[in-house]
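Chemist: This is structure.cif (mmCIF, C-alpha atoms and all ligand atoms).
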data_final
#
loop_
_atom_site.label_atom_id
_atom_site.label_comp_id
_atom_site.auth_asym_id
_atom_site.auth_seq_id
_atom_site.Cartn_x
_atom_site.Cartn_y
_atom_site.Cartn_z
CA MET Q 1 -7.67 22.20 27.61
CA LYS Q 2 -6.27 20.09 24.79
CA ILE Q 3 -2.51 20.24 24.28
CA ASN Q 4 -0.87 19.06 21.09
CA PHE Q 5 1.99 16.91 22.31
CA GLY Q 6 2.98 15.62 18.84
CA ALA Q 7 6.11 17.63 18.01
CA PHE Q 8 7.23 18.04 21.60
CA ARG Q 9 6.84 14.34 22.31
CA LEU Q 10 8.89 13.44 19.24
CA ILE Q 11 11.75 15.74 20.27
CA TRP Q 12 11.52 14.49 23.84
CA TYR Q 13 11.69 10.86 22.74
CA ILE Q 14 14.74 11.59 20.57
CA GLY Q 15 16.38 13.15 23.63
CA MET Q 16 15.33 10.19 25.78
CA LEU Q 17 16.67 7.70 23.25
CA ILE Q 18 20.09 9.37 23.40
CA THR Q 19 19.96 9.58 27.21
CA ALA Q 20 18.80 5.99 27.71
CA THR Q 21 21.40 4.71 25.24
CA TYR Q 22 24.13 6.52 27.14
CA ALA Q 23 22.84 5.11 30.46
CA VAL Q 24 22.61 1.47 29.32
CA VAL Q 25 26.04 1.63 27.66
CA ASP Q 26 27.75 3.45 30.50
CA ALA Q 27 26.44 1.41 33.48
CA PRO Q 28 27.90 -2.04 32.56
CA PHE Q 29 31.08 -0.46 31.21
CA ARG Q 30 31.79 1.40 34.46
CA LEU Q 31 31.00 -1.67 36.50
CA VAL Q 32 33.54 -3.84 34.67
CA VAL Q 33 36.29 -1.23 34.41
CA ASN Q 34 35.56 -0.28 38.03
CA ILE Q 35 35.70 3.49 37.51
CA SER Q 36 33.14 5.69 39.25
CA PRO Q 37 31.81 8.70 37.34
CA GLN Q 38 33.72 11.87 38.14
CA GLY Q 39 33.82 15.44 36.87
CA TRP Q 40 31.86 15.86 33.62
CA THR Q 41 30.81 12.19 33.58
CA LEU Q 42 29.22 12.74 37.00
CA CYS Q 43 27.41 15.77 35.54
CA LEU Q 44 26.16 13.56 32.70
CA ASP Q 45 24.94 11.09 35.30
CA HIS Q 46 22.89 13.82 36.97
CA VAL Q 47 21.50 14.83 33.58
CA VAL Q 48 20.41 11.19 33.04
CA THR Q 49 18.68 11.15 36.43
CA ILE Q 50 16.87 14.43 35.74
CA MET Q 51 15.82 13.30 32.25
CA PHE Q 52 14.53 9.95 33.57
CA PHE Q 53 12.41 11.71 36.23
CA LEU Q 54 11.09 14.24 33.71
CA ASP Q 55 10.22 11.31 31.44
CA ILE Q 56 8.11 9.84 34.24
CA ALA Q 57 6.37 13.19 34.75
CA PHE Q 58 5.61 13.59 31.04
CA HIS Q 59 4.20 10.10 30.82
CA PHE Q 60 1.34 11.18 33.05
CA PHE Q 61 0.25 13.54 30.28
CA PHE Q 62 1.31 11.96 26.98
CA PRO Q 63 -1.78 10.60 25.17
CA VAL Q 64 -1.82 6.82 24.82
CA HIS Q 65 -3.00 4.73 21.92
CA VAL Q 66 -5.60 2.19 23.01
CA GLU Q 67 -7.53 0.00 20.58
CA GLY Q 68 -6.98 2.42 17.71
CA ARG Q 69 -7.95 5.56 19.70
CA TRP Q 70 -5.78 8.25 21.27
CA ILE Q 71 -6.74 8.67 24.92
CA THR Q 72 -6.15 12.23 26.12
CA ASP Q 73 -7.89 12.03 29.46
CA THR Q 74 -5.11 12.44 32.05
CA LYS Q 75 -6.87 10.24 34.64
CA THR Q 76 -6.96 7.25 32.28
CA ILE Q 77 -3.42 7.97 31.07
CA SER Q 78 -1.96 8.00 34.58
CA LYS Q 79 -3.90 4.88 35.58
CA LYS Q 80 -2.55 3.03 32.55
CA TYR Q 81 0.97 4.30 33.19
CA ARG Q 82 0.82 3.25 36.85
CA GLN Q 83 -0.34 -0.22 35.85
CA GLU Q 84 2.21 -0.66 33.10
CA SER Q 85 5.62 0.90 33.57
CA LEU Q 86 5.71 3.60 36.25
CA TYR Q 87 7.55 1.42 38.81
CA ILE Q 88 10.07 0.14 36.28
CA ASP Q 89 10.76 3.72 35.16
CA LEU Q 90 11.11 4.78 38.80
CA ILE Q 91 13.69 2.07 39.56
CA ALA Q 92 15.66 3.13 36.47
CA ALA Q 93 15.50 6.80 37.48
CA ILE Q 94 16.40 6.69 41.20
CA PRO Q 95 20.17 7.34 41.60
CA PHE Q 96 20.78 4.32 43.86
CA ASP Q 97 24.55 4.74 43.43
CA LEU Q 98 24.46 8.22 44.99
CA ILE Q 99 22.29 6.97 47.87
CA LEU Q 100 24.59 3.97 48.51
CA ALA Q 101 27.71 6.13 48.17
CA ALA Q 102 26.33 8.38 50.90
CA ILE Q 103 25.69 5.52 53.35
CA LEU Q 104 28.35 2.92 52.50
CA PRO Q 105 32.12 3.12 53.12
CA GLU Q 106 34.44 3.73 50.13
CA HIS Q 107 35.54 0.12 49.58
CA PHE Q 108 32.01 -0.79 48.45
CA THR Q 109 32.70 0.81 45.05
CA GLN Q 110 31.77 -2.38 43.14
CA LEU Q 111 28.38 -2.62 44.88
CA ILE Q 112 27.75 1.06 44.25
CA LEU Q 113 28.65 0.65 40.57
CA ALA Q 114 26.54 -2.52 40.36
CA SER Q 115 23.51 -0.54 41.59
CA ARG Q 116 23.84 1.60 38.47
CA MET Q 117 22.93 -1.50 36.45
CA LEU Q 118 19.32 -0.79 37.45
CA ARG Q 119 19.44 1.87 34.73
CA LEU Q 120 19.10 -1.07 32.34
CA MET Q 121 15.45 -1.29 33.39
CA LYS Q 122 14.97 1.45 30.79
CA ILE Q 123 15.69 -1.02 27.96
CA PRO Q 124 12.01 -1.96 27.27
CA ARG Q 125 11.35 1.76 26.78
CA LEU Q 126 13.63 1.66 23.71
CA TRP Q 127 10.94 -0.39 21.90
CA HIS Q 128 8.36 2.12 23.00
CA TYR Q 129 10.39 4.95 21.42
CA LYS Q 130 10.90 2.88 18.29
CA LYS Q 131 7.15 2.34 17.95
CA TYR Q 132 6.50 6.05 18.34
CA PHE Q 133 9.14 6.99 15.75
CA GLU Q 134 7.65 4.47 13.35
CA TYR Q 135 4.24 6.05 13.88
CA SER Q 136 5.20 9.69 13.62
CA LEU Q 137 8.21 9.88 11.29
CA LYS Q 138 7.67 9.60 7.56
CA LEU Q 139 10.42 7.02 7.13
CA ASN Q 140 10.62 3.91 5.02
CA PHE Q 141 9.58 1.13 7.44
CA ALA Q 142 12.25 -1.28 6.20
CA ILE Q 143 15.09 1.27 6.52
CA PHE Q 144 13.86 2.22 9.99
CA ARG Q 145 13.75 -1.45 11.05
CA LEU Q 146 17.26 -1.98 9.69
CA ILE Q 147 18.62 1.01 11.63
CA PHE Q 148 16.95 -0.10 14.87
CA PHE Q 149 18.10 -3.65 14.33
CA LEU Q 150 21.74 -2.57 13.90
CA TYR Q 151 21.39 -0.31 16.94
CA MET Q 152 20.15 -3.22 19.11
CA LEU Q 153 22.90 -5.45 17.74
CA GLY Q 154 25.48 -2.83 18.75
CA LEU Q 155 24.04 -2.71 22.28
CA ILE Q 156 24.03 -6.52 22.64
CA ALA Q 157 27.64 -6.73 21.38
CA HIS Q 158 28.63 -4.07 23.93
CA TRP Q 159 26.97 -5.91 26.84
CA ILE Q 160 28.57 -9.24 25.87
CA ALA Q 161 31.96 -7.54 25.50
CA CYS Q 162 31.54 -6.06 29.00
CA GLY Q 163 30.80 -9.56 30.33
CA TRP Q 164 33.91 -10.97 28.66
CA TYR Q 165 35.98 -8.05 30.02
CA TYR Q 166 34.78 -8.87 33.52
CA ILE Q 167 35.73 -12.56 33.43
CA THR Q 168 39.08 -12.06 31.67
CA ILE Q 169 40.22 -9.16 33.77
CA ASP Q 170 43.69 -10.68 34.45
CA THR Q 171 44.48 -11.93 30.96
CA PHE Q 172 44.45 -8.64 29.12
CA PRO Q 173 46.71 -5.58 28.84
CA ASP Q 174 46.60 -2.86 31.48
CA ASN Q 175 44.93 -0.04 29.55
CA TYR Q 176 41.21 -0.47 30.14
CA LEU Q 177 40.23 0.96 26.76
CA VAL Q 178 42.56 -1.47 24.92
CA ARG Q 179 41.14 -4.26 27.10
CA TYR Q 180 37.59 -3.27 26.24
CA PHE Q 181 38.47 -3.10 22.55
CA ASN Q 182 39.95 -6.62 22.77
CA SER Q 183 36.75 -7.86 24.42
CA LEU Q 184 34.60 -6.25 21.75
CA TYR Q 185 36.78 -7.84 19.08
CA TRP Q 186 36.38 -11.25 20.75
CA CYS Q 187 32.64 -10.72 21.03
CA ILE Q 188 32.16 -9.79 17.37
CA THR Q 189 34.32 -12.70 16.09
CA THR Q 190 32.44 -15.15 18.32
CA LEU Q 191 28.96 -13.74 17.63
CA THR Q 192 29.50 -13.80 13.90
CA THR Q 193 30.84 -17.40 14.28
CA VAL Q 194 34.16 -16.36 12.65
CA GLY Q 195 36.21 -17.20 15.79
CA TYR Q 196 39.85 -16.68 14.73
CA GLY Q 197 41.03 -18.42 17.87
CA ASP Q 198 43.54 -15.69 18.76
CA ILE Q 199 41.65 -14.97 21.99
CA THR Q 200 40.70 -18.21 23.68
CA PRO Q 201 38.91 -19.03 26.94
CA VAL Q 202 41.23 -20.37 29.62
CA THR Q 203 39.24 -20.73 32.82
CA THR Q 204 36.08 -22.80 33.22
CA ILE Q 205 33.97 -19.67 33.59
CA GLN Q 206 35.41 -18.25 30.38
CA GLN Q 207 34.72 -21.53 28.59
CA ALA Q 208 31.14 -21.60 29.86
CA TYR Q 209 30.64 -17.95 28.85
CA THR Q 210 32.16 -18.65 25.41
CA MET Q 211 29.83 -21.61 24.91
CA VAL Q 212 26.79 -19.48 25.73
CA VAL Q 213 27.96 -16.67 23.44
CA MET Q 214 28.72 -19.19 20.67
CA LEU Q 215 25.22 -20.66 20.95
CA LEU Q 216 23.84 -17.15 21.01
CA GLY Q 217 26.07 -16.36 18.02
CA VAL Q 218 24.51 -19.11 15.92
CA GLY Q 219 21.05 -17.73 16.70
CA VAL Q 220 22.08 -14.10 16.26
CA TYR Q 221 23.87 -14.93 13.00
CA GLY Q 222 20.81 -16.67 11.58
CA TYR Q 223 18.55 -13.92 12.87
CA VAL Q 224 20.77 -11.16 11.44
CA ILE Q 225 21.06 -12.76 8.01
CA GLY Q 226 17.33 -13.61 7.91
CA ASN Q 227 16.30 -10.15 9.07
CA ILE Q 228 18.63 -8.25 6.80
CA ALA Q 229 17.46 -10.33 3.83
CA SER Q 230 13.83 -9.68 4.71
CA ILE Q 231 14.44 -5.97 5.38
CA MET Q 232 16.32 -5.60 2.09
CA GLY Q 233 13.50 -7.43 0.31
CA ASN Q 234 11.00 -5.02 1.83
CA LEU Q 235 13.07 -1.91 1.20
CA ASP Q 236 11.05 -1.15 -1.85
CA ILE Q 237 8.08 -3.44 -1.60
CA ALA Q 238 6.21 -1.65 -4.39
CA LYS Q 239 9.11 -2.12 -6.77
CA SER Q 240 9.56 -5.84 -6.03
CA VAL Q 241 5.80 -6.54 -6.35
CA HIS Q 242 5.73 -4.63 -9.63
CA GLN Q 243 8.84 -6.40 -10.96
CA GLU Q 244 7.39 -9.79 -10.07
CA LYS Q 245 4.19 -8.95 -11.94
CA VAL Q 246 6.11 -7.73 -15.02
CA GLU Q 247 8.36 -10.82 -15.02
CA LYS Q 248 5.36 -13.16 -14.84
CA ILE Q 249 3.64 -11.42 -17.75
CA ASN Q 250 6.89 -11.33 -19.76
CA ASP Q 251 7.33 -15.07 -19.24
CA PHE Q 252 3.75 -15.66 -20.29
CA MET Q 253 4.11 -13.55 -23.44
CA VAL Q 254 7.39 -15.20 -24.45
CA SER Q 255 6.18 -18.77 -23.84
CA ASN Q 256 2.95 -18.07 -25.76
CA HIS Q 257 4.85 -16.44 -28.66
CA LEU Q 258 2.85 -13.23 -28.55
CA PRO Q 259 3.75 -10.82 -31.40
CA GLN Q 260 6.75 -8.58 -30.66
CA ASP Q 261 4.62 -5.48 -31.09
CA VAL Q 262 2.13 -6.63 -28.43
CA GLN Q 263 4.97 -7.50 -26.07
CA ARG Q 264 6.48 -4.06 -26.53
CA ARG Q 265 3.14 -2.36 -25.87
CA VAL Q 266 2.59 -4.38 -22.70
CA LYS Q 267 6.05 -3.43 -21.48
CA ASP Q 268 5.37 0.22 -22.31
CA TYR Q 269 2.12 -0.01 -20.38
CA PHE Q 270 3.85 -1.37 -17.27
CA SER Q 271 6.64 1.16 -17.40
CA TYR Q 272 4.03 3.97 -17.66
CA LEU Q 273 2.12 2.39 -14.76
CA TRP Q 274 5.29 2.39 -12.70
CA ASP Q 275 6.31 5.94 -13.63
CA THR Q 276 2.91 7.41 -12.85
CA ARG Q 277 1.54 5.28 -10.00
CA LYS Q 278 4.45 3.21 -8.70
CA GLY Q 279 2.59 0.19 -10.06
CA TYR Q 280 -0.29 0.48 -7.59
CA ASP Q 281 -3.75 -0.39 -8.65
CA GLU Q 282 -6.23 1.74 -6.69
CA ALA Q 283 -8.89 -0.94 -6.44
CA SER Q 284 -6.59 -3.45 -4.72
CA VAL Q 285 -5.12 -0.82 -2.37
CA PHE Q 286 -8.63 0.19 -1.31
CA ALA Q 287 -9.94 -3.33 -0.92
CA ASP Q 288 -9.04 -3.63 2.79
CA LEU Q 289 -10.15 -0.16 3.84
CA PRO Q 290 -13.45 0.65 5.55
CA GLU Q 291 -16.06 2.54 3.50
CA SER Q 292 -15.42 5.94 5.17
CA PHE Q 293 -11.72 5.82 4.27
CA LYS Q 294 -12.54 4.73 0.74
CA ILE Q 295 -14.60 7.90 0.21
CA GLU Q 296 -11.89 10.10 1.73
CA PHE Q 297 -9.14 8.45 -0.35
CA SER Q 298 -11.19 8.61 -3.53
CA LEU Q 299 -12.01 12.27 -3.01
CA PHE Q 300 -8.34 13.02 -2.50
CA LEU Q 301 -7.01 10.88 -5.35
CA ASN Q 302 -9.69 12.01 -7.79
CA LYS Q 303 -9.51 15.67 -6.84
CA ASP Q 304 -7.80 16.47 -10.17
CA ILE Q 305 -10.59 15.04 -12.26
CA LEU Q 306 -13.21 16.69 -10.06
CA GLU Q 307 -11.56 20.04 -10.64
CA ARG Q 308 -11.02 19.47 -14.36
CA VAL Q 309 -14.43 18.27 -15.47
CA PRO Q 310 -16.68 21.33 -15.91
CA LEU Q 311 -19.68 19.04 -15.45
CA PHE Q 312 -18.69 18.45 -11.82
CA LYS Q 313 -18.06 22.11 -11.02
CA GLY Q 314 -20.55 23.49 -8.52
CA ALA Q 315 -22.11 20.04 -8.00
CA SER Q 316 -23.41 19.11 -4.56
CA ASN Q 317 -21.23 17.20 -2.11
CA ALA Q 318 -23.60 14.24 -2.21
CA PHE Q 319 -23.29 14.05 -5.99
CA ILE Q 320 -19.47 14.30 -5.90
CA LYS Q 321 -19.24 11.55 -3.26
CA ASP Q 322 -21.55 9.31 -5.21
CA VAL Q 323 -19.71 9.77 -8.48
CA VAL Q 324 -16.24 9.53 -6.96
CA MET Q 325 -17.00 6.17 -5.39
CA CYS Q 326 -18.10 4.79 -8.77
CA LEU Q 327 -15.26 6.16 -10.90
CA GLN Q 328 -12.71 3.62 -12.02
CA SER Q 329 -9.47 4.43 -13.73
CA SER Q 330 -7.87 2.89 -16.78
CA LEU Q 331 -4.75 3.59 -18.80
CA TYR Q 332 -4.42 3.68 -22.57
CA LEU Q 333 -1.29 3.76 -24.68
CA PRO Q 334 -0.88 5.95 -27.77
CA GLY Q 335 -2.90 4.42 -30.60
CA ASP Q 336 -5.15 2.28 -28.36
CA ALA Q 337 -8.85 2.25 -29.24
CA VAL Q 338 -10.96 3.12 -26.20
CA CYS Q 339 -14.20 2.32 -28.02
CA ARG Q 340 -15.13 1.64 -31.63
CA PHE Q 341 -17.87 2.89 -33.90
CA GLY Q 342 -20.90 0.60 -33.83
CA GLU Q 343 -20.02 -1.18 -30.56
CA ILE Q 344 -22.55 -1.50 -27.78
CA GLY Q 345 -21.56 1.06 -25.16
CA ASP Q 346 -21.44 0.17 -21.48
CA LYS Q 347 -19.22 2.96 -20.11
CA MET Q 348 -18.96 6.70 -20.07
CA TYR Q 349 -15.42 8.14 -19.89
CA PHE Q 350 -13.78 11.24 -18.40
CA VAL Q 351 -10.33 12.30 -19.60
CA ASN Q 352 -8.00 12.91 -16.69
CA LYS Q 353 -4.67 13.09 -18.55
CA GLY Q 354 -3.75 12.90 -22.21
CA THR Q 355 -5.66 13.45 -25.45
CA VAL Q 356 -8.08 11.23 -27.39
CA GLU Q 357 -9.28 11.60 -30.96
CA VAL Q 358 -12.94 11.23 -31.98
CA LYS Q 359 -12.96 9.56 -35.41
CA ASN Q 360 -15.48 8.37 -37.97
CA MET Q 361 -16.12 4.68 -38.68
CA GLU Q 362 -13.30 4.29 -41.25
CA GLU Q 363 -11.03 6.47 -39.12
CA THR Q 364 -10.32 8.67 -42.10
CA LEU Q 365 -11.68 11.75 -40.39
CA THR Q 366 -11.02 13.17 -36.95
CA TYR Q 367 -14.06 15.11 -35.76
CA THR Q 368 -12.35 16.53 -32.73
CA THR Q 369 -9.83 15.85 -29.98
CA LEU Q 370 -10.84 15.64 -26.34
CA GLN Q 371 -8.54 16.56 -23.48
CA SER Q 372 -8.28 16.64 -19.74
CA GLY Q 373 -11.70 17.51 -18.28
CA ASP Q 374 -13.69 16.37 -21.34
CA PHE Q 375 -15.97 13.34 -21.41
CA PHE Q 376 -17.30 10.95 -24.04
CA GLY Q 377 -19.28 7.76 -24.44
CA GLU Q 378 -22.42 9.24 -22.94
CA VAL Q 379 -24.51 9.08 -26.16
CA ALA Q 380 -24.65 5.29 -26.35
CA LEU Q 381 -25.69 5.08 -22.70
CA LEU Q 382 -28.32 7.80 -22.88
CA MET Q 383 -29.91 6.85 -26.17
CA SER Q 384 -29.26 3.11 -26.01
CA THR Q 385 -27.64 3.31 -29.46
CA PRO Q 386 -24.34 1.85 -30.71
CA ARG Q 387 -21.23 4.04 -30.42
CA ASN Q 388 -21.39 6.83 -33.00
CA ALA Q 389 -17.62 7.31 -33.24
CA THR Q 390 -14.31 5.58 -32.66
CA ILE Q 391 -12.18 6.98 -29.87
CA ARG Q 392 -8.40 6.53 -30.03
CA ALA Q 393 -5.75 7.58 -27.53
CA LYS Q 394 -3.40 10.10 -29.10
CA ASP Q 395 -0.81 9.75 -26.32
CA TYR Q 396 -0.67 8.10 -22.90
CA CYS Q 397 -4.16 8.59 -21.51
CA GLU Q 398 -5.52 8.26 -18.03
CA LEU Q 399 -9.28 7.91 -18.23
CA TYR Q 400 -11.91 7.47 -15.56
CA TYR Q 401 -15.11 5.69 -16.38
CA LEU Q 402 -18.58 5.14 -14.99
CA ASP Q 403 -20.15 1.85 -16.02
CA LYS Q 404 -23.74 1.74 -17.28
CA HIS Q 405 -25.20 0.60 -14.00
CA ASP Q 406 -23.61 3.46 -12.02
CA PHE Q 407 -24.35 5.95 -14.81
CA ASP Q 408 -28.07 5.11 -14.73
CA ARG Q 409 -28.16 5.27 -10.95
CA VAL Q 410 -26.43 8.68 -10.83
CA LEU Q 411 -28.74 10.04 -13.56
CA GLU Q 412 -31.79 8.86 -11.70
CA ARG Q 413 -30.67 10.41 -8.43
CA TYR Q 414 -29.42 13.72 -9.83
CA PRO Q 415 -31.80 15.07 -12.51
CA GLU Q 416 -29.76 18.30 -12.93
CA PHE Q 417 -26.76 16.17 -14.00
CA LYS Q 418 -29.03 14.23 -16.36
CA LYS Q 419 -30.27 17.48 -17.93
CA GLU Q 420 -26.77 18.83 -18.46
CA ILE Q 421 -25.40 15.64 -19.97
CA GLU Q 422 -28.44 15.22 -22.25
CA LYS Q 423 -27.94 18.76 -23.52
CA GLN Q 424 -24.29 18.10 -24.40
CA ALA Q 425 -25.14 14.74 -26.01
CA LYS Q 426 -27.74 16.45 -28.23
CA ASP Q 427 -25.21 19.11 -29.28
CA ARG Q 428 -22.74 16.39 -30.21
CA LEU Q 429 -25.33 14.44 -32.15
CA HIS Q 430 -26.08 17.57 -34.17
CA GLN Q 431 -22.41 18.06 -34.92
P1 LIG L 501 -20.90 7.30 -27.87
O1 LIG L 501 -21.71 7.27 -29.08
O2 LIG L 501 -21.35 6.57 -26.69
O3 LIG L 501 -19.41 6.83 -28.21
C1 LIG L 501 -18.59 7.66 -29.01
C2 LIG L 501 -18.55 9.00 -28.39
O4 LIG L 501 -17.80 9.99 -29.07
C3 LIG L 501 -19.93 9.59 -28.29
O5 LIG L 501 -20.69 8.83 -27.44
C4 LIG L 501 -19.64 11.00 -27.92
O6 LIG L 501 -19.45 11.12 -26.55
C5 LIG L 501 -18.32 11.23 -28.62
N1 LIG L 501 -18.53 12.06 -29.79
C6 LIG L 501 -19.11 11.72 -30.93
N2 LIG L 501 -19.10 12.74 -31.80
C7 LIG L 501 -18.50 13.77 -31.18
C8 LIG L 501 -18.18 15.11 -31.53
N3 LIG L 501 -18.47 15.61 -32.73
N4 LIG L 501 -17.56 15.87 -30.60
C9 LIG L 501 -17.23 15.40 -29.41
N5 LIG L 501 -17.53 14.14 -29.04
C10 LIG L 501 -18.15 13.32 -29.89
#
How would this structure read if it were set down as structure tokens?
Modeler:
Amino acid sequence: MKINFGAFRLIWYIGMLITATYAVVDAPFRLVVNISPQGWTLCLDHVVTIMFFLDIAFHFFFPVHVEGRWITDTKTISKKYRQESLYIDLIAAIPFDLILAAILPEHFTQLILASRMLRLMKIPRLWHYKKYFEYSLKLNFAIFRLIFFLYMLGLIAHWIACGWYYITIDTFPDNYLVRYFNSLYWCITTLTTVGYGDITPVTTIQQAYTMVVMLLGVGVYGYVIGNIASIMGNLDIAKSVHQEKVEKINDFMVSNHLPQDVQRRVKDYFSYLWDTRKGYDEASVFADLPESFKIEFSLFLNKDILERVPLFKGASNAFIKDVVMCLQSSLYLPGDAVCRFGEIGDKMYFVNKGTVEVKNMEETLTYTTLQSGDFFGEVALLMSTPRNATIRAKDYCELYYLDKHDFDRVLERYPEFKKEIEKQAKDRLHQ
């Protein structure tokens, strides 16, 4: 039986992230303030234990991703889990504090609380959850990385503050929450290398700890600034790549004194490209994909044109696949000439969006307008004659084209397509 763990696993991991965060924040805090969990906090502790054990149980069934494949066979899953993290998860889950509290006298509170630090063994799992969220949530990668990064930074600051609390226990006010807040304040000012100097190390241990945190601070500071800059830069990678391209071309046009009209048209072209396709060029996006994906992507992206062009309706799957893989897209601005009367033709076009006008040589007469789903440019390819009309874009046009080589190949392979297209070409010639 195959069970779909997707949605359940996601919810479970969100729950586990909250639980594990509580556990790794609570354990060092309780150790330094020396307060054992009681009442509702003890209940929460039991919830953590139960959740950690359930997490172990679920991991014997959750499919694992190995070398690009999801393994669903429970034998392999449990073997992998046993080899990788079962024992670490077990140590984090076992309530050692309860066991020690049952066998040790009361004055061993510190040891009992210290045993709760084993909950921190769950920290590596946080990366595991992060990876899964990245995989299954439709979030912007950069924003997700930024959130996780700030989350980890918060945890590190908390652990360092707990350490400072522990070694400065006598120098601070009585209220443990105020003390903790002071420690956190010291930690943030030191980590960010601000260091106001209002809280200073007095003992040798404090000085040593401060030195380590200061060194860490330099690294963390550099890492934070570097990471945030890179994350911000990647926030909208498509936009920055597009802007860079536009700026380069603008520079080129200005330094080569291209006519203002041409410059404006190029800018219009790029802004249309951005508005309609977020600046992506299909060919470069596809370049790294294997052939099977290319077909799937092309079929999906070109589904509009396949539905619109009557010529493709009812065609066999093999034909559609063949044609789709050869179709290339191009954009035209209002007034652009797609092809001119008398030129040698090497492409046949399909109109996906927009309208084109079919004109005579002098462009004094418009024979007809062609719209989404129509095609043109077939006559020159079929009859090996020059173009018999000029085609101009009436508004922004998205055209797909087949070049001569692909056109001939498709015609040779699919005679029914050849027949249909020849019939339409003859009709047009008569007109
Ligand atoms: P071709 O000659 O290759 O290039 C110009 C194209 O305009 C031509 O192929 C036809 O596809 C198209 N065309 C020419 N005349 C007409 C017409 N009267 N109606 C529709 N399309 C035409």
Chemist: Distance atom CA of Q:Phe376-atom CA of Q:Arg413, one decimal place?
Modeler: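 Between atom CA of Q:Phe376 and atom CA of Q:Arg413 the gap is 20.6 Å.
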Chemist: Give the residue list for ligand LIG 501 (chain L) at 10 Å, counting only C-alpha atoms and all ligand atoms, as JSON, numbers by chain, sorted by chain and then by residue number.
Modeler: {"Q": [338, 339, 340, 341, 342, 343, 344, 345, 346, 347, 348, 349, 350, 356, 357, 358, 359, 360, 366, 367, 368, 369, 370, 374, 375, 376, 377, 378, 379, 380, 381, 382, 383, 384, 385, 386, 387, 388, 389, 390, 391, 421, 424, 425, 426, 427, 428, 429, 430, 431]}
Chemist: Write out as a ChimeraX atom specification the residues lying within 6 Å of stretch 174-188 of chain Q, counting all atoms listed in the file and excluding same-chain residues fewer than 3 positions away.
Modeler: /Q:161,164-165,191-192
Chemist: Quick one: everything within 7 Å of Q:Cys162, counting all atoms listed in the file, minus sequence neighbours fewer than 2 positions away in the same chain. Send it as an mmCIF file with C-alpha atoms, keeping the file's coordinate frame.
Modeler:
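File written: result.cif
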data_model
loop_
_atom_site.group_PDB
_atom_site.id
_atom_site.type_symbol
_atom_site.label_atom_id
_atom_site.label_comp_id
_atom_site.auth_asym_id
_atom_site.auth_seq_id
_atom_site.Cartn_x
_atom_site.Cartn_y
_atom_site.Cartn_z
ATOM 1 C CA PRO Q 28 27.900 -2.040 32.560
ATOM 2 C CA PHE Q 29 31.080 -0.460 31.210
ATOM 3 C CA VAL Q 32 33.540 -3.840 34.670
ATOM 4 C CA HIS Q 158 28.630 -4.070 23.930
ATOM 5 C CA TRP Q 159 26.970 -5.910 26.840
ATOM 6 C CA ILE Q 160 28.570 -9.240 25.870
ATOM 7 C CA TRP Q 164 33.910 -10.970 28.660
ATOM 8 C CA TYR Q 165 35.980 -8.050 30.020
ATOM 9 C CA TYR Q 166 34.780 -8.870 33.520
#
Chemist: Between Q:Phe270, Q:Glu134, Q:Arg116, Q:Leu306, which residue has the minimum interatomic distance to Q:Asn34, considering only C-alpha atoms?
Modeler: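 Among the listed residues, Q:Arg116 lies closest to Q:Asn34.
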Chemist: Expressed in Å to a single decimal, how great is the separation between atom CA of Q:Gly335 and atom CA of Q:Asp275?
Modeler: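 One can read the atom CA of Q:Gly335 to atom CA of Q:Asp275 distance as 19.4 Å.
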Chemist: Quote the spacing between atom CA of Q:Trp40 and atom CA of Q:Tyr22 in Å to one decimal place.
Modeler: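 So the answer is 13.7 Å.
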Chemist: Show me, as an mmCIF file with C-alpha atoms, in the frame of the given file, the residues that have an atom within 10 Å of Q:Leu86 when counting all atoms listed in the file, minus same-chain residues fewer than 4 positions from it.
Modeler:
data_model
loop_
_atom_site.group_PDB
_atom_site.id
_atom_site.type_symbol
_atom_site.label_atom_id
_atom_site.label_comp_id
_atom_site.auth_asym_id
_atom_site.auth_seq_id
_atom_site.Cartn_x
_atom_site.Cartn_y
_atom_site.Cartn_z
ATOM 1 C CA ILE Q 56 8.110 9.840 34.240
ATOM 2 C CA ALA Q 57 6.370 13.190 34.750
ATOM 3 C CA HIS Q 59 4.200 10.100 30.820
ATOM 4 C CA PHE Q 60 1.340 11.180 33.050
ATOM 5 C CA SER Q 78 -1.960 8.000 34.580
ATOM 6 C CA LYS Q 79 -3.900 4.880 35.580
ATOM 7 C CA LYS Q 80 -2.550 3.030 32.550
ATOM 8 C CA TYR Q 81 0.970 4.300 33.190
ATOM 9 C CA ARG Q 82 0.820 3.250 36.850
ATOM 10 C CA LEU Q 90 11.110 4.780 38.800
ATOM 11 C CA ILE Q 91 13.690 2.070 39.560
ATOM 12 C CA ALA Q 92 15.660 3.130 36.470
#
Chemist: Find the residues near Q:Ser36: any atom within 10 Å, counting only C-alpha atoms, skip ones fewer than 2 places away on the same chain, and give them as number ranges by chain.
Modeler: Q: 27, 30-31, 33-34, 38, 41-42, 97, 109-110, 112-113
